[in-house]
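Shown next: start.cif, given as mmCIF, C-alpha atoms, pLDDT in the B column; chains and numbers go by the auth columns.
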data_upload
#
loop_
_atom_site.group_PDB
_atom_site.id
_atom_site.type_symbol
_atom_site.label_atom_id
_atom_site.label_comp_id
_atom_site.label_asym_id
_atom_site.label_seq_id
_atom_site.Cartn_x
_atom_site.Cartn_y
_atom_site.Cartn_z
_atom_site.B_iso_or_equiv
_atom_site.auth_seq_id
_atom_site.auth_asym_id
ATOM 1 C CA GLY A 1 0.000 0.000 0.000 72.00 1 Z
ATOM 2 C CA GLN A 2 3.031 2.297 -0.140 85.00 2 Z
ATOM 3 C CA VAL A 3 4.227 4.281 -3.148 90.00 3 Z
ATOM 4 C CA PRO A 4 7.487 6.184 -3.714 90.00 4 Z
ATOM 5 C CA LEU A 5 7.601 9.802 -2.600 91.00 5 Z
ATOM 6 C CA ILE A 6 9.449 12.032 -5.066 91.00 6 Z
ATOM 7 C CA ALA A 7 11.082 15.275 -3.960 91.00 7 Z
ATOM 8 C CA ALA A 8 10.748 18.489 -5.948 89.00 8 Z
ATOM 9 C CA ASP A 9 14.162 17.917 -7.561 88.00 9 Z
ATOM 10 C CA GLY A 10 13.149 14.491 -8.892 88.00 10 Z
ATOM 11 C CA SER A 11 14.928 12.330 -6.314 89.00 11 Z
ATOM 12 C CA VAL A 12 13.261 9.663 -4.180 89.00 12 Z
ATOM 13 C CA SER A 13 12.778 10.998 -0.653 88.00 13 Z
ATOM 14 C CA GLY A 14 10.822 8.144 0.935 88.00 14 Z
ATOM 15 C CA ALA A 15 7.536 6.267 0.728 89.00 15 Z
ATOM 16 C CA LEU A 16 3.922 7.146 1.412 89.00 16 Z
ATOM 17 C CA ALA A 17 0.985 4.923 2.370 89.00 17 Z
ATOM 18 C CA LEU A 18 -2.131 5.332 0.231 88.00 18 Z
ATOM 19 C CA PRO A 19 -5.721 5.040 1.493 86.00 19 Z
ATOM 20 C CA ASP A 20 -7.320 1.600 1.452 85.00 20 Z
ATOM 21 C CA VAL A 21 -9.721 2.682 -1.262 85.00 21 Z
ATOM 22 C CA PHE A 22 -6.772 2.589 -3.712 86.00 22 Z
ATOM 23 C CA THR A 23 -5.036 -0.478 -2.292 83.00 23 Z
ATOM 24 C CA LYS A 24 -8.007 -2.743 -1.545 77.00 24 Z
ATOM 25 C CA PRO A 25 -10.689 -1.869 -4.098 72.00 25 Z
ATOM 26 C CA ALA A 26 -13.742 -3.939 -4.946 73.00 26 Z
ATOM 27 C CA LYS A 27 -12.400 -5.712 -8.041 77.00 27 Z
ATOM 28 C CA LYS A 28 -15.123 -5.609 -10.662 82.00 28 Z
ATOM 29 C CA SER A 29 -13.586 -5.635 -14.137 84.00 29 Z
ATOM 30 C CA ALA A 30 -16.993 -5.740 -15.855 89.00 30 Z
ATOM 31 C CA MET A 31 -18.043 -2.581 -14.048 90.00 31 Z
ATOM 32 C CA LEU A 32 -14.775 -0.879 -15.021 92.00 32 Z
ATOM 33 C CA PHE A 33 -15.385 -1.766 -18.656 94.00 33 Z
ATOM 34 C CA GLN A 34 -18.972 -0.527 -18.461 95.00 34 Z
ATOM 35 C CA ALA A 35 -17.847 2.799 -16.991 95.00 35 Z
ATOM 36 C CA PHE A 36 -15.205 3.115 -19.715 95.00 36 Z
ATOM 37 C CA LEU A 37 -17.760 2.525 -22.479 96.00 37 Z
ATOM 38 C CA ALA A 38 -20.139 5.038 -20.906 96.00 38 Z
ATOM 39 C CA GLU A 39 -17.447 7.707 -20.685 95.00 39 Z
ATOM 40 C CA ARG A 40 -16.417 7.208 -24.293 95.00 40 Z
ATOM 41 C CA ALA A 41 -20.057 7.266 -25.440 95.00 41 Z
ATOM 42 C CA ASN A 42 -20.789 10.468 -23.502 94.00 42 Z
ATOM 43 C CA ALA A 43 -17.791 12.125 -25.160 93.00 43 Z
ATOM 44 C CA ARG A 44 -19.379 11.754 -28.594 91.00 44 Z
ATOM 45 C CA GLN A 45 -20.806 14.970 -29.997 89.00 45 Z
ATOM 46 C CA ALA A 46 -23.449 13.222 -32.128 88.00 46 Z
ATOM 47 C CA THR A 47 -23.528 16.151 -34.534 90.00 47 Z
ATOM 48 C CA SER A 48 -23.617 14.102 -37.755 90.00 48 Z
ATOM 49 C CA ALA A 49 -26.915 14.684 -39.526 93.00 49 Z
ATOM 50 C CA THR A 50 -28.471 14.468 -42.955 94.00 50 Z
ATOM 51 C CA LYS A 51 -31.407 16.238 -44.587 94.00 51 Z
ATOM 52 C CA ASN A 52 -34.600 14.425 -45.424 93.00 52 Z
ATOM 53 C CA ARG A 53 -36.834 15.529 -48.284 92.00 53 Z
ATOM 54 C CA SER A 54 -38.559 18.187 -46.177 91.00 54 Z
ATOM 55 C CA ARG A 55 -35.265 19.819 -45.148 93.00 55 Z
ATOM 56 C CA VAL A 56 -33.628 20.025 -48.572 95.00 56 Z
ATOM 57 C CA ALA A 57 -34.105 23.442 -50.150 96.00 57 Z
ATOM 58 C CA GLY A 58 -36.283 23.640 -53.234 94.00 58 Z
ATOM 59 C CA GLY A 59 -38.560 21.030 -54.721 93.00 59 Z
ATOM 60 C CA GLY A 60 -41.770 22.920 -54.119 93.00 60 Z
ATOM 61 C CA ALA A 61 -43.023 22.758 -57.677 95.00 61 Z
ATOM 62 C CA LYS A 62 -44.333 19.540 -59.206 95.00 62 Z
ATOM 63 C CA PRO A 63 -41.862 18.544 -61.969 95.00 63 Z
ATOM 64 C CA TRP A 64 -44.572 17.688 -64.488 96.00 64 Z
ATOM 65 C CA ARG A 65 -48.274 17.098 -64.532 96.00 65 Z
ATOM 66 C CA GLN A 66 -49.714 13.987 -62.979 96.00 66 Z
ATOM 67 C CA LYS A 67 -51.042 12.328 -66.133 96.00 67 Z
ATOM 68 C CA GLY A 68 -50.495 12.313 -69.852 96.00 68 Z
ATOM 69 C CA THR A 69 -46.689 12.457 -70.088 96.00 69 Z
ATOM 70 C CA GLY A 70 -45.920 8.737 -70.019 96.00 70 Z
ATOM 71 C CA ARG A 71 -43.502 9.277 -67.153 96.00 71 Z
ATOM 72 C CA ALA A 72 -43.776 8.024 -63.628 95.00 72 Z
ATOM 73 C CA ARG A 73 -45.688 10.396 -61.421 95.00 73 Z
ATOM 74 C CA ALA A 74 -43.515 12.738 -59.326 95.00 74 Z
ATOM 75 C CA GLY A 75 -44.451 15.402 -56.802 95.00 75 Z
ATOM 76 C CA SER A 76 -41.058 16.890 -55.910 95.00 76 Z
ATOM 77 C CA THR A 77 -37.510 17.016 -57.210 95.00 77 Z
ATOM 78 C CA ARG A 78 -36.271 16.471 -53.650 96.00 78 Z
ATOM 79 C CA SER A 79 -37.593 12.925 -53.422 95.00 79 Z
ATOM 80 C CA PRO A 80 -34.963 10.438 -52.187 95.00 80 Z
ATOM 81 C CA LEU A 81 -35.220 8.770 -55.591 95.00 81 Z
ATOM 82 C CA TRP A 82 -33.843 11.859 -57.287 96.00 82 Z
ATOM 83 C CA ARG A 83 -30.351 13.269 -57.535 95.00 83 Z
ATOM 84 C CA HIS A 84 -29.963 16.123 -55.034 94.00 84 Z
ATOM 85 C CA GLY A 85 -32.920 14.686 -53.148 95.00 85 Z
ATOM 86 C CA GLY A 86 -33.233 13.996 -49.445 96.00 86 Z
ATOM 87 C CA VAL A 87 -31.764 11.087 -47.496 96.00 87 Z
ATOM 88 C CA VAL A 88 -34.163 8.457 -46.210 94.00 88 Z
ATOM 89 C CA PHE A 89 -32.613 6.851 -43.123 93.00 89 Z
ATOM 90 C CA GLY A 90 -29.502 8.940 -42.519 92.00 90 Z
ATOM 91 C CA PRO A 91 -28.258 9.957 -39.054 90.00 91 Z
ATOM 92 C CA ASN A 92 -30.246 12.782 -37.570 86.00 92 Z
ATOM 93 C CA GLY A 93 -29.875 13.747 -33.917 82.00 93 Z
ATOM 94 C CA ARG A 94 -28.908 10.353 -32.482 86.00 94 Z
ATOM 95 C CA GLN A 95 -28.103 10.406 -28.775 89.00 95 Z
ATOM 96 C CA TYR A 96 -25.270 8.284 -27.364 92.00 96 Z
ATOM 97 C CA ASP A 97 -25.564 9.326 -23.709 93.00 97 Z
ATOM 98 C CA GLN A 98 -25.265 6.597 -21.110 93.00 98 Z
ATOM 99 C CA ARG A 99 -25.934 7.047 -17.418 93.00 99 Z
ATOM 100 C CA ILE A 100 -23.800 5.274 -14.822 91.00 100 Z
ATOM 101 C CA PRO A 101 -24.732 5.406 -11.107 92.00 101 Z
ATOM 102 C CA GLU A 102 -22.365 7.489 -9.009 91.00 102 Z
ATOM 103 C CA LYS A 103 -21.389 4.523 -6.841 90.00 103 Z
ATOM 104 C CA MET A 104 -20.299 2.586 -9.926 91.00 104 Z
ATOM 105 C CA ARG A 105 -18.355 5.549 -11.295 91.00 105 Z
ATOM 106 C CA ARG A 106 -16.478 5.947 -8.026 91.00 106 Z
ATOM 107 C CA ALA A 107 -15.715 2.230 -7.809 90.00 107 Z
ATOM 108 C CA ALA A 108 -14.445 2.120 -11.406 92.00 108 Z
ATOM 109 C CA PHE A 109 -12.245 5.154 -10.765 92.00 109 Z
ATOM 110 C CA ALA A 110 -10.810 3.557 -7.615 91.00 110 Z
ATOM 111 C CA GLU A 111 -10.113 0.298 -9.419 92.00 111 Z
ATOM 112 C CA ALA A 112 -8.308 2.082 -12.253 92.00 112 Z
ATOM 113 C CA VAL A 113 -6.036 3.872 -9.770 92.00 113 Z
ATOM 114 C CA ALA A 114 -5.514 0.638 -7.814 91.00 114 Z
ATOM 115 C CA ALA A 115 -4.357 -1.141 -10.975 91.00 115 Z
ATOM 116 C CA HIS A 116 -1.544 1.403 -11.365 92.00 116 Z
ATOM 117 C CA VAL A 117 -0.708 1.136 -7.657 91.00 117 Z
ATOM 118 C CA SER A 118 -0.417 -2.656 -7.807 89.00 118 Z
ATOM 119 C CA ALA A 119 1.814 -2.351 -10.882 90.00 119 Z
ATOM 120 C CA GLY A 120 4.070 0.161 -9.102 90.00 120 Z
ATOM 121 C CA ARG A 121 3.259 2.918 -11.578 92.00 121 Z
ATOM 122 C CA VAL A 122 1.956 5.543 -9.147 93.00 122 Z
ATOM 123 C CA LEU A 123 4.401 8.126 -7.751 93.00 123 Z
ATOM 124 C CA VAL A 124 3.562 10.880 -5.271 93.00 124 Z
ATOM 125 C CA LEU A 125 5.304 14.211 -5.848 93.00 125 Z
ATOM 126 C CA GLU A 126 6.264 16.710 -3.186 91.00 126 Z
ATOM 127 C CA GLY A 127 6.486 19.230 -5.974 88.00 127 Z
ATOM 128 C CA MET A 128 7.907 19.792 -9.435 88.00 128 Z
ATOM 129 C CA LYS A 129 10.843 22.171 -9.463 86.00 129 Z
ATOM 130 C CA LEU A 130 11.789 23.479 -12.890 85.00 130 Z
ATOM 131 C CA ASP A 131 14.497 26.046 -13.554 78.00 131 Z
ATOM 132 C CA GLY A 132 13.597 29.644 -14.313 72.00 132 Z
ATOM 133 C CA GLU A 133 10.445 31.706 -14.017 77.00 133 Z
ATOM 134 C CA ARG A 134 9.294 30.506 -17.433 84.00 134 Z
ATOM 135 C CA PRO A 135 10.282 26.831 -17.577 87.00 135 Z
ATOM 136 C CA LYS A 136 10.929 25.314 -20.976 91.00 136 Z
ATOM 137 C CA THR A 137 9.873 21.978 -22.400 91.00 137 Z
ATOM 138 C CA ARG A 138 13.450 20.723 -22.234 91.00 138 Z
ATOM 139 C CA ASP A 139 13.436 21.435 -18.470 90.00 139 Z
ATOM 140 C CA ALA A 140 10.328 19.312 -18.010 91.00 140 Z
ATOM 141 C CA VAL A 141 11.826 16.500 -20.098 92.00 141 Z
ATOM 142 C CA ALA A 142 15.035 16.597 -18.047 91.00 142 Z
ATOM 143 C CA TRP A 143 13.029 16.436 -14.810 92.00 143 Z
ATOM 144 C CA LEU A 144 10.991 13.472 -16.034 92.00 144 Z
ATOM 145 C CA ASP A 145 14.153 11.661 -17.141 92.00 145 Z
ATOM 146 C CA LYS A 146 15.222 11.544 -13.492 91.00 146 Z
ATOM 147 C CA LEU A 147 12.234 9.270 -12.808 90.00 147 Z
ATOM 148 C CA GLY A 148 13.191 6.796 -15.530 90.00 148 Z
ATOM 149 C CA ASP A 149 10.997 5.563 -18.351 90.00 149 Z
ATOM 150 C CA THR A 150 7.516 6.722 -17.404 90.00 150 Z
ATOM 151 C CA GLY A 151 5.963 6.160 -20.830 92.00 151 Z
ATOM 152 C CA SER A 152 2.591 7.816 -21.285 94.00 152 Z
ATOM 153 C CA THR A 153 2.214 9.928 -18.154 94.00 153 Z
ATOM 154 C CA VAL A 154 -0.555 11.862 -16.456 95.00 154 Z
ATOM 155 C CA ILE A 155 0.310 14.432 -13.771 95.00 155 Z
ATOM 156 C CA VAL A 156 -2.395 15.261 -11.230 94.00 156 Z
ATOM 157 C CA GLN A 157 -2.124 18.649 -9.528 93.00 157 Z
ATOM 158 C CA ARG A 158 -4.436 20.211 -6.979 92.00 158 Z
ATOM 159 C CA GLU A 159 -4.634 23.304 -9.161 92.00 159 Z
ATOM 160 C CA LEU A 160 -3.138 23.661 -12.613 90.00 160 Z
ATOM 161 C CA ASP A 161 0.223 25.435 -12.612 88.00 161 Z
ATOM 162 C CA GLU A 162 0.372 27.756 -15.599 89.00 162 Z
ATOM 163 C CA GLY A 163 4.168 27.582 -15.874 89.00 163 Z
ATOM 164 C CA ILE A 164 4.313 23.791 -15.769 91.00 164 Z
ATOM 165 C CA GLY A 165 1.337 23.588 -18.089 91.00 165 Z
ATOM 166 C CA ARG A 166 3.169 25.715 -20.654 91.00 166 Z
ATOM 167 C CA ALA A 167 6.307 23.602 -20.270 92.00 167 Z
ATOM 168 C CA VAL A 168 4.566 20.268 -20.882 92.00 168 Z
ATOM 169 C CA ALA A 169 2.049 21.476 -23.478 92.00 169 Z
ATOM 170 C CA ASN A 170 4.136 20.134 -26.389 92.00 170 Z
ATOM 171 C CA LEU A 171 4.716 16.708 -24.848 92.00 171 Z
ATOM 172 C CA ARG A 172 2.275 14.323 -26.506 92.00 172 Z
ATOM 173 C CA ALA A 173 2.874 11.536 -24.003 91.00 173 Z
ATOM 174 C CA LEU A 174 2.082 13.729 -20.989 93.00 174 Z
ATOM 175 C CA ALA A 175 -1.236 15.113 -19.734 93.00 175 Z
ATOM 176 C CA LEU A 176 -1.835 17.589 -16.912 94.00 176 Z
ATOM 177 C CA ARG A 177 -4.998 17.154 -14.857 94.00 177 Z
ATOM 178 C CA THR A 178 -6.626 18.080 -11.553 94.00 178 Z
ATOM 179 C CA PRO A 179 -8.580 15.639 -9.330 92.00 179 Z
ATOM 180 C CA GLY A 180 -11.778 17.040 -10.807 91.00 180 Z
ATOM 181 C CA THR A 181 -10.737 16.877 -14.480 93.00 181 Z
ATOM 182 C CA LEU A 182 -8.999 13.486 -14.324 94.00 182 Z
ATOM 183 C CA ARG A 183 -11.017 11.077 -16.456 94.00 183 Z
ATOM 184 C CA LEU A 184 -11.207 7.319 -16.362 94.00 184 Z
ATOM 185 C CA THR A 185 -9.797 7.164 -19.883 94.00 185 Z
ATOM 186 C CA ASP A 186 -6.801 9.241 -18.734 94.00 186 Z
ATOM 187 C CA LEU A 187 -5.997 6.562 -16.171 94.00 187 Z
ATOM 188 C CA LEU A 188 -6.509 3.677 -18.582 94.00 188 Z
ATOM 189 C CA ASP A 189 -4.374 5.302 -21.297 94.00 189 Z
ATOM 190 C CA ALA A 190 -1.522 6.257 -18.949 94.00 190 Z
ATOM 191 C CA ASP A 191 1.473 4.075 -18.139 95.00 191 Z
ATOM 192 C CA THR A 192 2.438 6.146 -15.094 94.00 192 Z
ATOM 193 C CA VAL A 193 0.422 8.374 -12.771 95.00 193 Z
ATOM 194 C CA LEU A 194 2.243 11.201 -10.968 94.00 194 Z
ATOM 195 C CA VAL A 195 0.134 12.658 -8.170 94.00 195 Z
ATOM 196 C CA HIS A 196 1.052 15.778 -6.231 94.00 196 Z
ATOM 197 C CA ARG A 197 0.794 15.165 -2.522 92.00 197 Z
ATOM 198 C CA ASP A 198 -1.725 17.942 -1.967 91.00 198 Z
ATOM 199 C CA ALA A 199 -3.962 16.414 -4.672 92.00 199 Z
ATOM 200 C CA LEU A 200 -4.283 13.043 -2.923 92.00 200 Z
ATOM 201 C CA ASP A 201 -7.256 14.179 -0.851 91.00 201 Z
ATOM 202 C CA GLY A 202 -9.127 15.154 -4.003 91.00 202 Z
ATOM 203 C CA LEU A 203 -8.527 11.749 -5.601 90.00 203 Z
ATOM 204 C CA THR A 204 -9.563 9.993 -2.394 90.00 204 Z
ATOM 205 C CA HIS A 205 -12.778 12.017 -2.283 90.00 205 Z
ATOM 206 C CA ARG A 206 -13.673 10.929 -5.832 86.00 206 Z
ATOM 207 C CA ALA A 207 -13.422 7.267 -4.823 81.00 207 Z
ATOM 208 C CA ALA A 208 -14.343 7.596 -1.133 78.00 208 Z
ATOM 209 C CA ASN A 209 -17.789 5.995 -1.168 66.00 209 Z
ATOM 210 C CA ALA A 210 -16.955 3.248 -3.625 50.00 210 Z
ATOM 211 C CA ARG A 211 -15.460 0.597 -1.360 49.00 211 Z
ATOM 212 C CA SER A 212 -17.741 1.228 1.621 49.00 212 Z
ATOM 213 C CA GLY A 213 -20.833 1.345 -0.573 47.00 213 Z
ATOM 214 C CA PHE A 214 -20.197 -1.963 -2.285 49.00 214 Z
ATOM 215 C CA ALA A 215 -19.086 -3.562 0.981 46.00 215 Z
ATOM 216 C CA ALA A 216 -22.361 -2.541 2.620 44.00 216 Z
ATOM 217 C CA THR A 217 -24.328 -3.926 -0.328 46.00 217 Z
ATOM 218 C CA SER A 218 -22.523 -7.256 -0.274 44.00 218 Z
ATOM 219 C CA SER A 219 -22.855 -7.597 3.517 45.00 219 Z
ATOM 220 C CA SER A 220 -26.581 -6.872 3.415 44.00 220 Z
ATOM 221 C CA THR A 221 -27.007 -9.463 0.665 43.00 221 Z
ATOM 222 C CA ALA A 222 -25.090 -12.019 2.711 42.00 222 Z
ATOM 223 C CA SER A 223 -27.130 -11.306 5.855 46.00 223 Z
ATOM 224 C CA SER A 224 -30.423 -11.605 3.993 46.00 224 Z
ATOM 225 C CA SER A 225 -29.352 -14.945 2.517 46.00 225 Z
ATOM 226 C CA SER A 226 -28.339 -16.245 5.951 46.00 226 Z
ATOM 227 C CA GLU A 227 -31.657 -15.146 7.454 49.00 227 Z
ATOM 228 C CA ALA A 228 -33.668 -17.026 4.843 44.00 228 Z
ATOM 229 C CA PRO A 229 -32.836 -20.588 6.077 43.00 229 Z
ATOM 230 C CA ALA A 230 -33.429 -19.550 9.691 44.00 230 Z
ATOM 231 C CA THR A 231 -36.869 -18.198 8.778 41.00 231 Z
ATOM 232 C CA ALA A 232 -37.715 -21.379 6.899 42.00 232 Z
ATOM 233 C CA ALA A 233 -36.611 -23.531 9.868 42.00 233 Z
ATOM 234 C CA ALA A 234 -38.717 -21.496 12.271 46.00 234 Z
ATOM 235 C CA ALA A 235 -41.743 -21.802 10.025 47.00 235 Z
ATOM 236 C CA GLY A 236 -41.241 -25.569 9.830 48.00 236 Z
#

Translate the structure described by the file into structure tokens.
Amino acid sequence: GQVPLIAADGSVSGALALPDVFTKPAKKSAMLFQAFLAERANARQATSATKNRSRVAGGGAKPWRQKGTGRARAGSTRSPLWRHGGVVFGPNGRQYDQRIPEKMRRAAFAEAVAAHVSAGRVLVLEGMKLDGERPKTRDAVAWLDKLGDTGSTVIVQRELDEGIGRAVANLRALALRTPGTLRLTDLLDADTVLVHRDALDGLTHRAANARSGFAATSSSTASSSSEAPATAAAAG
């Protein structure tokens, strides 16, 4: 349950114990996958749309008279059968939103963090000291190199630091988040999670009710199942 504690200069200064919610989560991989699908679906804009025959401009006049021409009858040049006509069954305002209960969202978030903790890919930062008042990208890269190969990395700060944000903006393999803006997909895409020490409380709050909530549900289910045979025996 302990993770390395990194000093502001990039050196290891000790270890820190994480809350149980990140070290002993309720392991439910199906729920994690469901929360991931819901988050990706809710990120879709669903703005693709086509025009049916009533939305295409023009076509108000009947192309030719109903009878006597030998042609098939037609009432509008915007019929789907015609070139430049409307679309019959094209996309038009489809909604992809999925709702996930808060308890499930918290539990999925806690499990995603716990997976990185168990793999040893979570580091707690005392700070991030970069040279100069306006740190450069090369300074951020040099600081990260002190930690070793972190791969795709997400840094969680209590509040976004404008200077550090400017320094890491050009690094494709690095994302800067706060406890409130950290998404489940950020955790699943990242190889390493760097959490500032003052941001730990925010992460814990996001997953606080997950473990206790599911534990209470499972215990109540177990108690109700144990009471059933006793009730049947008493009735007999």

Taking the file above as input, evaluate the PyMOL selection byres ((chain Z and resi 108) around 12) and report the hits as a PyMOL selection string.
-> chain Z and resi 21-22+25-39+100-107+109-115+183-185+187-188+206-211+214

Residues at most 12 Å from segment 69-86 of chain Z, counting all atoms listed in the file, excluding those fewer than 5 positions away in the same chain, as a ChimeraX atom specification?
-> /Z:49-64

Could you write out the selected residues, including C-alpha atoms, as a CSV table (one decimal), in the frame of the given file?
chain,number,residue,atom,x,y,z
Z,49,ALA,CA,-26.9,14.7,-39.5
Z,50,THR,CA,-28.5,14.5,-43.0
Z,51,LYS,CA,-31.4,16.2,-44.6
Z,52,ASN,CA,-34.6,14.4,-45.4
Z,53,ARG,CA,-36.8,15.5,-48.3
Z,54,SER,CA,-38.6,18.2,-46.2
Z,55,ARG,CA,-35.3,19.8,-45.1
Z,56,VAL,CA,-33.6,20.0,-48.6
Z,57,ALA,CA,-34.1,23.4,-50.2
Z,58,GLY,CA,-36.3,23.6,-53.2
Z,59,GLY,CA,-38.6,21.0,-54.7
Z,60,GLY,CA,-41.8,22.9,-54.1
Z,61,ALA,CA,-43.0,22.8,-57.7
Z,62,LYS,CA,-44.3,19.5,-59.2
Z,63,PRO,CA,-41.9,18.5,-62.0
Z,64,TRP,CA,-44.6,17.7,-64.5

Convert the output of the PyMOL selection byres ((chain Z and resi 152) around 10) on the shown file into explicit residues, formatted as a VMD selection string.
-> chain Z and resid 149 to 151 153 to 154 171 to 175 186 189 to 193

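Rounded to one decimal, atom CA of Ser11 of chain Z and atom CA of Lys24 of chain Z lie 27.9 Å from each other.
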
Report the distance between atom CA of Arg177 of chain Z and atom CA of Val117 of chain Z in Å, rounded to one decimal place.
->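 Atom CA of Val117 of chain Z lies at a distance of 18.1 Å from atom CA of Arg177 of chain Z.
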
Size and centre in Å, one decimal, axis-aligned box, all listed segment 137-144 of chain Z atoms plus 5 Å per side, as AutoDock Vina command-line options:
--center_x 12.5 --center_y 17.7 --center_z -18.6 --size_x 15.2 --size_y 18.5 --size_z 17.6

Out of Z:Asp20, Z:Glu159, Z:Asp97, Z:Asp198, which residue has the shortest atom-to-atom distance to Leu125 of chain Z when counting only C-alpha atoms?
->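 Residue with the minimum atom-to-atom distance to Leu125 of chain Z: Z:Asp198.
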
Could you work out how far atom CA of Gly120 of chain Z lies from atom CA of Ala169 of chain Z, giving the answer in Å with one decimal?
->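 Computed distance, atom CA of Ala169 of chain Z to atom CA of Gly120 of chain Z, equals 25.8 Å.
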
Minimum-distance residue to Gly127 of chain Z, chosen among Z:Pro19, Z:Val156, Z:Gly180, Z:Val168 (using only C-alpha atoms) |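 The answer is Z:Val156, which sits nearest to Gly127 of chain Z.
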
Test item: the PyMOL selection byres ((chain Z and resi 136) around 9) resolved as a compact mmCIF listing (two decimals) with C-alpha atoms, in the frame of the given file:
# COMPACT_ATOMS: atom_id res chain seq x y z
CA LEU Z 130 11.79 23.48 -12.89
CA ASP Z 131 14.50 26.05 -13.55
CA GLY Z 132 13.60 29.64 -14.31
CA ARG Z 134 9.29 30.51 -17.43
CA PRO Z 135 10.28 26.83 -17.58
CA THR Z 137 9.87 21.98 -22.40
CA ARG Z 138 13.45 20.72 -22.23
CA ASP Z 139 13.44 21.44 -18.47
CA ALA Z 140 10.33 19.31 -18.01
CA VAL Z 141 11.83 16.50 -20.10
CA GLY Z 163 4.17 27.58 -15.87
CA ILE Z 164 4.31 23.79 -15.77
CA ARG Z 166 3.17 25.72 -20.65
CA ALA Z 167 6.31 23.60 -20.27
CA VAL Z 168 4.57 20.27 -20.88

For each of Z:Ala119, Z:Leu16, Z:Leu182, Z:Val124, take the minimum atom-to-atom distance to Leu147 of chain Z, counting all atoms listed in the file, then give the residue where this is smallest.
->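 Among the listed residues, the smallest separation from Leu147 of chain Z belongs to Z:Val124.
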
Neighbouring residues of Gln157 of chain Z were defined as those with any atom within 7 Å, considering all atoms listed in the file; residues of the same chain fewer than 2 positions away were excluded. Please report them as a tab-separated table (two decimals) with C-alpha atoms, keeping the file's coordinate frame.
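Writing done, so here's selection.tsv:
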chain	number	residue	atom	x	y	z
Z	155	ILE	CA	0.31	14.43	-13.77
Z	159	GLU	CA	-4.63	23.30	-9.16
Z	160	LEU	CA	-3.14	23.66	-12.61
Z	177	ARG	CA	-5.00	17.15	-14.86
Z	178	THR	CA	-6.63	18.08	-11.55
Z	195	VAL	CA	0.13	12.66	-8.17
Z	196	HIS	CA	1.05	15.78	-6.23
Z	199	ALA	CA	-3.96	16.41	-4.67

Given the choices Z:Leu176, Z:Val87, Z:Ala43, Z:Leu123, which gets closest to Leu18 of chain Z if the distance is worked out from all atoms listed in the file?
->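 The shortest atom-to-atom distance to Leu18 of chain Z comes from Z:Leu123.
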